[in-house]
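To be precise, the following lines are final_27.csv, and they hold CSV, C-alpha atoms.
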```csv
chain,number,residue,atom,x,y,z
A,3,MET,CA,11.6,-13.4,10.5
A,4,PHE,CA,12.6,-14.0,14.2
A,5,ASN,CA,16.3,-15.0,14.6
A,6,ALA,CA,16.8,-16.5,18.1
A,7,TRP,CA,20.6,-16.5,17.8
A,8,LYS,CA,20.8,-12.8,17.8
A,9,PHE,CA,19.5,-12.7,21.4
A,10,LYS,CA,22.0,-15.2,22.9
A,11,ASN,CA,24.3,-14.1,25.6
A,12,LYS,CA,22.6,-10.6,25.8
A,13,ASN,CA,21.9,-8.8,29.1
A,14,PRO,CA,18.3,-7.3,29.6
A,15,LYS,CA,19.3,-3.9,28.4
A,16,GLU,CA,21.0,-5.2,25.2
A,17,LEU,CA,18.0,-7.5,24.6
A,18,PHE,CA,15.6,-4.6,24.8
A,19,THR,CA,17.8,-2.4,22.5
A,20,LEU,CA,18.2,-5.2,19.9
A,21,ALA,CA,14.5,-6.0,20.0
A,22,ALA,CA,13.5,-2.4,19.7
A,23,SER,CA,15.9,-2.0,16.7
A,24,GLN,CA,15.0,-5.2,14.8
A,25,TYR,CA,11.3,-5.4,15.6
A,26,SER,CA,10.3,-1.7,16.1
A,27,TYR,CA,7.2,-2.1,14.0
A,28,TRP,CA,5.9,-4.9,16.3
A,29,LEU,CA,6.7,-2.8,19.4
A,30,SER,CA,5.0,0.3,17.9
A,31,PHE,CA,2.0,-1.8,16.9
A,32,ILE,CA,1.6,-3.3,20.4
A,33,ILE,CA,1.9,0.1,22.1
A,34,LEU,CA,-0.7,1.6,19.8
A,35,LEU,CA,-3.1,-1.3,20.6
A,36,ILE,CA,-2.6,-0.7,24.3
A,37,ILE,CA,-3.4,3.0,23.9
A,38,ALA,CA,-6.5,2.2,21.8
A,39,VAL,CA,-7.8,-0.3,24.4
A,40,ILE,CA,-7.2,2.3,27.1
A,41,VAL,CA,-9.2,4.9,25.2
A,42,ASN,CA,-11.9,2.4,24.3
A,43,PRO,CA,-12.0,-0.9,26.2
A,44,GLN,CA,-14.2,-2.4,23.4
A,45,PHE,CA,-11.5,-1.8,20.8
A,46,LEU,CA,-10.5,-5.5,20.6
A,47,ALA,CA,-14.1,-6.6,19.8
A,48,TRP,CA,-14.1,-8.7,16.6
A,49,SER,CA,-16.5,-6.3,14.8
A,50,ASN,CA,-14.1,-3.4,15.5
A,51,LEU,CA,-11.0,-5.4,14.6
A,52,THR,CA,-12.4,-6.5,11.3
A,53,ASN,CA,-13.5,-2.9,10.6
A,54,GLN,CA,-9.9,-1.7,11.0
A,55,PHE,CA,-8.9,-4.3,8.3
A,56,VAL,CA,-11.8,-3.3,6.0
A,57,GLN,CA,-11.0,0.4,6.3
A,58,GLY,CA,-7.4,-0.1,5.6
A,59,ALA,CA,-7.5,-3.0,3.0
A,60,ILE,CA,-7.6,-1.1,-0.2
A,61,VAL,CA,-4.8,1.3,0.8
A,62,GLY,CA,-3.0,-1.6,2.3
A,63,ILE,CA,-2.9,-3.5,-1.1
A,64,CYS,CA,-1.5,-0.3,-2.7
A,65,ALA,CA,1.1,-0.1,0.1
A,66,MET,CA,2.4,-3.6,-0.7
A,67,GLY,CA,3.3,-2.3,-4.2
A,68,MET,CA,4.8,0.9,-2.6
A,69,SER,CA,6.9,-1.3,-0.3
A,70,LEU,CA,8.7,-2.9,-3.2
A,71,ILE,CA,9.2,0.5,-4.9
A,72,ILE,CA,10.6,2.1,-1.8
A,73,SER,CA,12.8,-0.9,-1.0
A,74,ALA,CA,14.3,-0.5,-4.4
A,75,GLY,CA,15.2,3.2,-3.6
A,76,MET,CA,12.3,4.7,-5.7
A,77,ILE,CA,9.0,6.4,-5.0
A,78,ASP,CA,5.6,6.4,-6.6
A,79,LEU,CA,3.2,9.4,-6.4
A,80,SER,CA,0.7,8.2,-8.9
A,81,VAL,CA,-1.1,5.7,-6.7
A,82,GLY,CA,-4.3,7.6,-6.0
A,83,SER,CA,-4.7,8.9,-9.6
A,84,ALA,CA,-4.1,5.4,-11.0
A,85,ALA,CA,-6.8,4.0,-8.6
A,86,ALA,CA,-9.2,6.7,-9.6
A,87,LEU,CA,-8.7,6.2,-13.4
A,88,ILE,CA,-8.8,2.4,-13.3
A,89,SER,CA,-11.9,2.3,-11.0
A,90,GLY,CA,-13.8,4.8,-13.0
A,91,LEU,CA,-13.0,3.1,-16.3
A,92,GLY,CA,-13.6,-0.3,-14.7
A,93,ILE,CA,-17.2,0.7,-13.9
A,94,THR,CA,-17.6,1.8,-17.5
A,95,VAL,CA,-16.4,-1.6,-18.7
A,96,LEU,CA,-18.7,-3.4,-16.2
A,97,ASN,CA,-21.7,-1.4,-17.4
A,98,SER,CA,-20.9,-2.1,-21.0
A,99,THR,CA,-20.1,-5.9,-20.7
A,100,HIS,CA,-22.1,-6.9,-17.6
A,101,SER,CA,-19.1,-9.1,-16.8
A,102,ILE,CA,-17.4,-8.8,-13.4
A,103,PHE,CA,-14.6,-11.1,-14.6
A,104,LEU,CA,-13.8,-8.9,-17.6
A,105,THR,CA,-13.9,-5.9,-15.3
A,106,LEU,CA,-11.3,-7.5,-13.1
A,107,LEU,CA,-9.1,-8.4,-16.1
A,108,PHE,CA,-9.3,-4.9,-17.4
A,109,SER,CA,-8.4,-3.4,-14.0
A,110,LEU,CA,-5.3,-5.7,-13.7
A,111,ALA,CA,-4.2,-5.0,-17.3
A,112,ALA,CA,-4.7,-1.3,-16.9
A,113,GLY,CA,-2.7,-1.2,-13.7
A,114,ALA,CA,0.1,-3.3,-15.2
A,115,MET,CA,0.2,-1.0,-18.2
A,116,ALA,CA,0.4,2.1,-16.1
A,117,GLY,CA,3.2,0.5,-14.1
A,118,LEU,CA,5.0,-0.6,-17.3
A,119,ILE,CA,4.9,3.0,-18.6
A,120,ASN,CA,6.3,4.4,-15.4
A,121,GLY,CA,9.0,1.7,-15.3
A,122,LEU,CA,10.1,2.3,-18.9
A,123,LEU,CA,10.2,6.1,-18.4
A,124,VAL,CA,12.4,5.5,-15.3
A,125,THR,CA,14.7,2.9,-16.8
A,126,LYS,CA,14.8,3.7,-20.5
A,127,GLY,CA,14.1,7.4,-20.3
A,128,ARG,CA,16.5,7.9,-17.3
A,129,ILE,CA,14.0,10.1,-15.5
A,130,ALA,CA,13.9,10.2,-11.7
A,131,PRO,CA,11.0,8.2,-10.3
A,132,PHE,CA,9.8,11.2,-8.4
A,133,ILE,CA,9.4,13.2,-11.6
A,134,VAL,CA,7.9,10.3,-13.6
A,135,THR,CA,5.2,9.5,-11.1
A,136,LEU,CA,4.5,13.2,-10.3
A,137,ALA,CA,3.7,13.6,-14.0
A,138,SER,CA,1.7,10.4,-14.0
A,139,MET,CA,-0.3,11.6,-11.0
A,140,ALA,CA,-1.3,14.8,-12.8
A,141,ALA,CA,-1.9,13.1,-16.1
A,142,LEU,CA,-4.0,10.2,-14.9
A,143,ARG,CA,-6.2,12.5,-12.7
A,144,SER,CA,-6.6,14.9,-15.6
A,145,VAL,CA,-7.7,12.0,-17.9
A,146,ILE,CA,-10.3,10.7,-15.5
A,147,ASN,CA,-11.7,14.2,-14.8
A,148,GLN,CA,-12.0,14.8,-18.6
A,149,ILE,CA,-13.7,11.5,-19.2
A,150,GLY,CA,-16.1,11.9,-16.3
A,151,GLN,CA,-16.6,15.6,-16.8
A,152,GLY,CA,-16.6,16.1,-13.1
A,153,GLY,CA,-19.5,13.6,-12.6
A,154,PRO,CA,-19.5,10.2,-11.0
A,155,PHE,CA,-19.1,6.8,-12.6
A,156,THR,CA,-22.0,4.7,-11.3
A,157,VAL,CA,-22.7,1.0,-11.5
A,158,LYS,CA,-26.0,0.1,-13.2
A,159,LEU,CA,-28.7,-0.9,-10.8
A,160,GLU,CA,-29.1,-4.4,-12.1
A,161,LEU,CA,-25.4,-5.0,-11.5
A,162,TYR,CA,-25.1,-3.3,-8.1
A,163,GLN,CA,-25.7,-6.1,-5.7
A,164,ASP,CA,-23.5,-8.8,-7.3
A,165,PHE,CA,-20.6,-6.3,-7.9
A,166,ARG,CA,-20.8,-4.8,-4.4
A,167,ASN,CA,-20.8,-8.2,-2.7
A,168,ILE,CA,-17.2,-8.7,-3.9
A,169,ALA,CA,-15.9,-6.0,-1.5
A,170,ALA,CA,-18.8,-5.8,1.0
A,171,GLY,CA,-19.3,-9.6,1.4
A,172,SER,CA,-17.7,-12.0,3.8
A,173,TRP,CA,-16.7,-15.6,4.2
A,174,LEU,CA,-17.0,-17.5,7.5
A,175,PHE,CA,-17.6,-14.1,9.2
A,176,ILE,CA,-14.4,-12.7,7.8
A,177,PRO,CA,-14.9,-9.7,5.5
A,178,ASN,CA,-13.7,-10.3,1.9
A,179,LEU,CA,-11.6,-7.1,2.0
A,180,MET,CA,-9.7,-8.5,5.0
A,181,LEU,CA,-9.1,-11.8,3.2
A,182,PHE,CA,-7.9,-10.0,0.1
A,183,PHE,CA,-5.5,-7.8,2.1
A,184,ILE,CA,-4.0,-10.8,4.0
A,185,LEU,CA,-3.7,-12.8,0.8
A,186,ILE,CA,-1.9,-10.0,-1.1
A,187,THR,CA,0.4,-9.5,1.9
A,188,VAL,CA,1.3,-13.2,2.0
A,189,VAL,CA,1.9,-13.4,-1.7
A,190,THR,CA,4.1,-10.3,-1.6
A,191,ALA,CA,6.0,-11.5,1.4
A,192,LEU,CA,6.8,-14.8,-0.3
A,193,ILE,CA,8.0,-13.0,-3.4
A,194,MET,CA,10.3,-10.8,-1.4
A,195,SER,CA,11.6,-13.6,0.8
A,196,LYS,CA,11.6,-16.7,-1.3
A,197,THR,CA,12.5,-15.6,-4.9
A,198,LYS,CA,15.5,-14.1,-6.6
A,199,PHE,CA,13.4,-11.2,-7.7
A,200,GLY,CA,13.0,-10.2,-4.0
A,201,VAL,CA,16.7,-10.4,-3.4
A,202,TYR,CA,17.3,-8.3,-6.5
A,203,VAL,CA,14.8,-5.7,-5.3
A,204,TYR,CA,16.8,-5.2,-2.0
A,205,ALA,CA,20.1,-5.3,-3.9
A,206,THR,CA,18.9,-2.6,-6.3
A,207,GLY,CA,17.8,-0.4,-3.4
A,208,SER,CA,21.0,-1.0,-1.5
A,209,ASN,CA,23.6,-0.3,-4.2
A,210,GLN,CA,22.6,-0.2,-7.9
A,211,GLN,CA,26.2,-0.3,-9.2
A,212,ALA,CA,27.1,-3.3,-7.0
A,213,ALA,CA,23.9,-5.0,-8.1
A,214,ARG,CA,24.9,-4.5,-11.8
A,215,LEU,CA,28.4,-5.7,-11.2
A,216,SER,CA,26.9,-8.8,-9.6
A,217,GLY,CA,25.0,-9.6,-12.8
A,218,VAL,CA,21.6,-8.1,-11.8
A,219,ASN,CA,19.6,-6.5,-14.7
A,220,VAL,CA,18.7,-3.5,-12.6
A,221,ASP,CA,16.5,-1.9,-15.3
A,222,ARG,CA,14.5,-5.1,-15.7
A,223,VAL,CA,14.1,-5.3,-11.9
A,224,LYS,CA,12.9,-1.7,-11.7
A,225,THR,CA,10.4,-2.2,-14.5
A,226,GLY,CA,9.2,-5.4,-12.9
A,227,ILE,CA,8.7,-3.7,-9.6
A,228,PHE,CA,6.5,-1.0,-11.2
A,229,VAL,CA,4.5,-3.6,-13.2
A,230,TYR,CA,3.8,-5.6,-10.0
A,231,ALA,CA,2.9,-2.5,-8.1
A,232,GLY,CA,0.6,-1.5,-11.0
A,233,LEU,CA,-1.1,-4.9,-10.8
A,234,LEU,CA,-1.8,-4.3,-7.1
A,235,TYR,CA,-3.1,-0.8,-7.9
A,236,GLY,CA,-5.4,-2.2,-10.5
A,237,PHE,CA,-6.7,-4.8,-8.1
A,238,ALA,CA,-7.2,-2.2,-5.4
A,239,ALA,CA,-9.1,0.0,-7.9
A,240,PHE,CA,-11.3,-2.9,-8.7
A,241,LEU,CA,-12.1,-3.4,-5.0
A,242,LEU,CA,-12.6,0.4,-4.6
A,243,ALA,CA,-15.2,0.4,-7.4
A,244,SER,CA,-16.9,-2.6,-5.9
A,245,ARG,CA,-17.0,-1.1,-2.4
A,246,LEU,CA,-18.3,2.3,-3.5
A,247,THR,CA,-20.1,1.4,-6.7
A,248,SER,CA,-19.9,5.1,-7.6
A,249,ILE,CA,-16.6,6.8,-8.3
A,250,GLN,CA,-16.1,10.5,-8.1
A,251,ALA,CA,-13.4,11.4,-10.7
A,252,ALA,CA,-12.0,14.4,-8.8
A,253,SER,CA,-11.7,12.8,-5.3
A,254,ALA,CA,-11.5,9.0,-5.7
A,255,GLY,CA,-8.2,7.6,-4.4
A,256,SER,CA,-7.3,11.0,-2.9
A,257,ALA,CA,-4.2,10.8,-0.6
A,258,TYR,CA,-3.7,7.1,-1.3
A,259,GLU,CA,0.0,7.8,-2.1
A,260,MET,CA,0.4,9.6,1.3
A,261,ASP,CA,-1.2,6.7,3.2
A,262,ALA,CA,0.8,4.1,1.4
A,263,ILE,CA,4.1,5.9,1.9
A,264,ALA,CA,3.3,6.5,5.6
A,265,ALA,CA,2.5,2.8,6.1
A,266,VAL,CA,5.8,1.8,4.5
A,267,ALA,CA,7.8,4.3,6.5
A,268,ILE,CA,6.3,3.4,9.9
A,269,GLY,CA,6.6,-0.3,9.0
A,270,GLY,CA,10.4,0.0,9.1
A,271,THR,CA,11.3,0.0,5.4
A,272,ALA,CA,14.3,2.2,4.7
A,273,MET,CA,13.2,5.2,2.7
A,274,GLU,CA,16.5,5.3,0.9
A,275,GLY,CA,16.0,1.6,-0.1
A,276,GLY,CA,17.8,-1.6,0.5
A,277,ARG,CA,16.0,-2.7,3.7
A,278,GLY,CA,12.4,-3.5,4.6
A,279,LYS,CA,9.8,-6.1,5.7
A,280,ILE,CA,6.5,-6.7,4.1
A,281,ILE,CA,5.0,-7.6,7.6
A,282,GLY,CA,6.2,-4.2,8.7
A,283,THR,CA,4.2,-2.5,5.9
A,284,PHE,CA,1.2,-4.7,6.8
A,285,LEU,CA,1.4,-3.6,10.5
A,286,GLY,CA,2.0,0.0,9.3
A,287,VAL,CA,-1.3,0.0,7.5
A,288,LEU,CA,-3.1,-1.2,10.6
A,289,MET,CA,-1.2,1.3,12.8
A,290,LEU,CA,-2.5,4.1,10.6
A,291,ARG,CA,-6.0,2.9,11.0
A,292,ILE,CA,-5.6,2.6,14.8
A,293,ILE,CA,-4.1,6.1,15.0
A,294,SER,CA,-7.1,7.4,13.0
A,295,THR,CA,-9.6,5.6,15.2
A,296,VAL,CA,-7.9,6.8,18.4
A,297,LEU,CA,-7.9,10.4,17.1
A,298,ILE,CA,-11.6,10.1,16.3
A,299,MET,CA,-12.4,8.6,19.8
A,300,ALA,CA,-10.3,11.5,21.3
A,301,ASN,CA,-12.5,14.0,19.4
A,302,VAL,CA,-9.5,15.3,17.4
A,303,PRO,CA,-10.7,17.1,14.3
A,304,PRO,CA,-10.4,14.8,11.2
A,305,PHE,CA,-8.7,17.5,9.3
A,306,LEU,CA,-5.7,17.0,11.5
A,307,ASN,CA,-5.1,13.4,10.3
A,308,GLY,CA,-2.8,14.7,7.6
A,309,LEU,CA,-0.7,16.6,10.1
A,310,VAL,CA,-0.4,13.5,12.3
A,311,GLN,CA,0.6,11.3,9.3
A,312,GLY,CA,3.2,13.9,8.3
A,313,ILE,CA,4.7,13.9,11.8
A,314,ILE,CA,4.7,10.0,11.8
A,315,ILE,CA,6.7,9.9,8.5
A,316,ILE,CA,9.3,12.3,9.8
A,317,VAL,CA,9.6,10.5,13.1
A,318,ALA,CA,9.9,7.2,11.3
A,319,VAL,CA,12.7,8.4,9.0
A,320,LEU,CA,14.5,10.1,12.0
A,321,ALA,CA,14.4,6.8,13.8
A,322,GLN,CA,15.7,4.9,10.8
A,323,ASN,CA,18.6,7.4,10.5
A,324,LYS,CA,19.5,7.0,14.2
A,325,LYS,CA,19.3,3.2,13.9
A,326,ARG,CA,21.5,3.3,10.8
```

Will you turn the file into structure tokens for me?
Amino acid sequence: MFNAWKFKNKNPKELFTLAASQYSYWLSFIILLIIAVIVNPQFLAWSNLTNQFVQGAIVGICAMGMSLIISAGMIDLSVGSAAALISGLGITVLNSTHSIFLTLLFSLAAGAMAGLINGLLVTKGRIAPFIVTLASMAALRSVINQIGQGGPFTVKLELYQDFRNIAAGSWLFIPNLMLFFILITVVTALIMSKTKFGVYVYATGSNQQAARLSGVNVDRVKTGIFVYAGLLYGFAAFLLASRLTSIQAASAGSAYEMDAIAAVAIGGTAMEGGRGKIIGTFLGVLMLRIISTVLIMANVPPFLNGLVQGIIIIVAVLAQNKKR
């Protein structure tokens, strides 16, 4: 949120330094937009702007959950595998029940259960989040590969159109995926800024011992974070299945964790926890899409996208360290 009092009685140099420090994600976003427009003057056309949202929406929803996890000083590497498993099984449920509503409920419940298991292993098992989610990443991918036997999970023909319209449809010329992404962002931002849970998340990431001494049930907060993130992963998996209507067990959700972590990092969330903004993560997702689009327009080989993202994460963390 913008705080005008911070900018009172500041000279131009101090104003720029403070603005760059407090709102670096906005500055980075504007600079990237300018670069994109220079490369392609039609970049700001409505069709292209909505396409950026559509391409980034599913990863963006996952990034909202990742933002809470990193703000609490943790990490989650199981995002892509969870999305693959839930989307594949979700299609199986849809084909069996012919009910989109039951498929949505299953996806949300499965995501919440996966998050609960991760959270309990971290809090009750006293295992580092990196190890827990690394194991989950391998286990969940293995399970979906075994169930699918290397083949795809495909929506039945008679269910195809209705199911695909959920992700591919639009409302008042606004793509549904764009609306879902914005809605999840608003809900998550309200949770983090208007509830005690949001305060506890940042307190846990800043100093767990101090949070405990202040009466915060840190274990419950951590578990709640993983459950909420799991719900978002489940919803993202539901949308992924709707958008693709055919899920490849081995490749679905590939690199989602990389994209989500990169979006959170360049959005200004401290990787060690304790500080962050949901709007920063939102802009971080869009910045990743803009960067990818600019690279394509500049004829940069798509295989180098991972290299660019790795550099972005390192630069973002270095900038955070310098600011701190």

Need the shell around Lys126 in chain A: protein/DNA/RNA residues with any atom at most 12 Å away, counting all atoms listed in the file. Skip same-chain ones fewer than 3 positions apart. Format as a PDB file with C-alpha atoms, in the coordinates of the input?
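Once everything was written out, this is selection_39.pdb:
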```pdb
ATOM      1  CA  LEU A 118       5.000  -0.600 -17.300  1.00  0.00           C
ATOM      2  CA  ILE A 119       4.900   3.000 -18.600  1.00  0.00           C
ATOM      3  CA  ASN A 120       6.300   4.400 -15.400  1.00  0.00           C
ATOM      4  CA  GLY A 121       9.000   1.700 -15.300  1.00  0.00           C
ATOM      5  CA  LEU A 122      10.100   2.300 -18.900  1.00  0.00           C
ATOM      6  CA  LEU A 123      10.200   6.100 -18.400  1.00  0.00           C
ATOM      7  CA  ILE A 129      14.000  10.100 -15.500  1.00  0.00           C
ATOM      8  CA  ALA A 130      13.900  10.200 -11.700  1.00  0.00           C
ATOM      9  CA  PRO A 131      11.000   8.200 -10.300  1.00  0.00           C
ATOM     10  CA  VAL A 134       7.900  10.300 -13.600  1.00  0.00           C
ATOM     11  CA  VAL A 220      18.700  -3.500 -12.600  1.00  0.00           C
ATOM     12  CA  ASP A 221      16.500  -1.900 -15.300  1.00  0.00           C
ATOM     13  CA  ARG A 222      14.500  -5.100 -15.700  1.00  0.00           C
ATOM     14  CA  LYS A 224      12.900  -1.700 -11.700  1.00  0.00           C
ATOM     15  CA  THR A 225      10.400  -2.200 -14.500  1.00  0.00           C
TER      16      THR A 225
END
```

For Val287 in chain A, which residue out of A:Leu192, A:Leu246, A:Ala265, A:Ile88 is the nearest one, using only C-alpha atoms? A:Ala265

Neighbours of range 62-67 of chain A within 7 Å (all atoms listed in the file; same-chain residues fewer than 3 positions away dropped), as a list in words? Gly58, Ala59, Leu70, Ile71, Phe183, Ile186, Thr187, Thr190, Tyr230, Ala231, Leu234, Tyr235, Ala238, Ala262, Ile263, Ala265, Val266, Thr283, Phe284 and Val287 of chain A

Please, what distance in Å, to one decimal, runs between CA of Asn209 in chain A and CA of Thr125 in chain A?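 Those two atoms sit 15.8 Å apart.
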
From A:Leu35, A:Val95, A:Val124, A:Leu142, residue lying nearest Val157 in chain A [all atoms listed in the file]: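 Looking at the shortest contact to Val157 in chain A, the residue is A:Val95.
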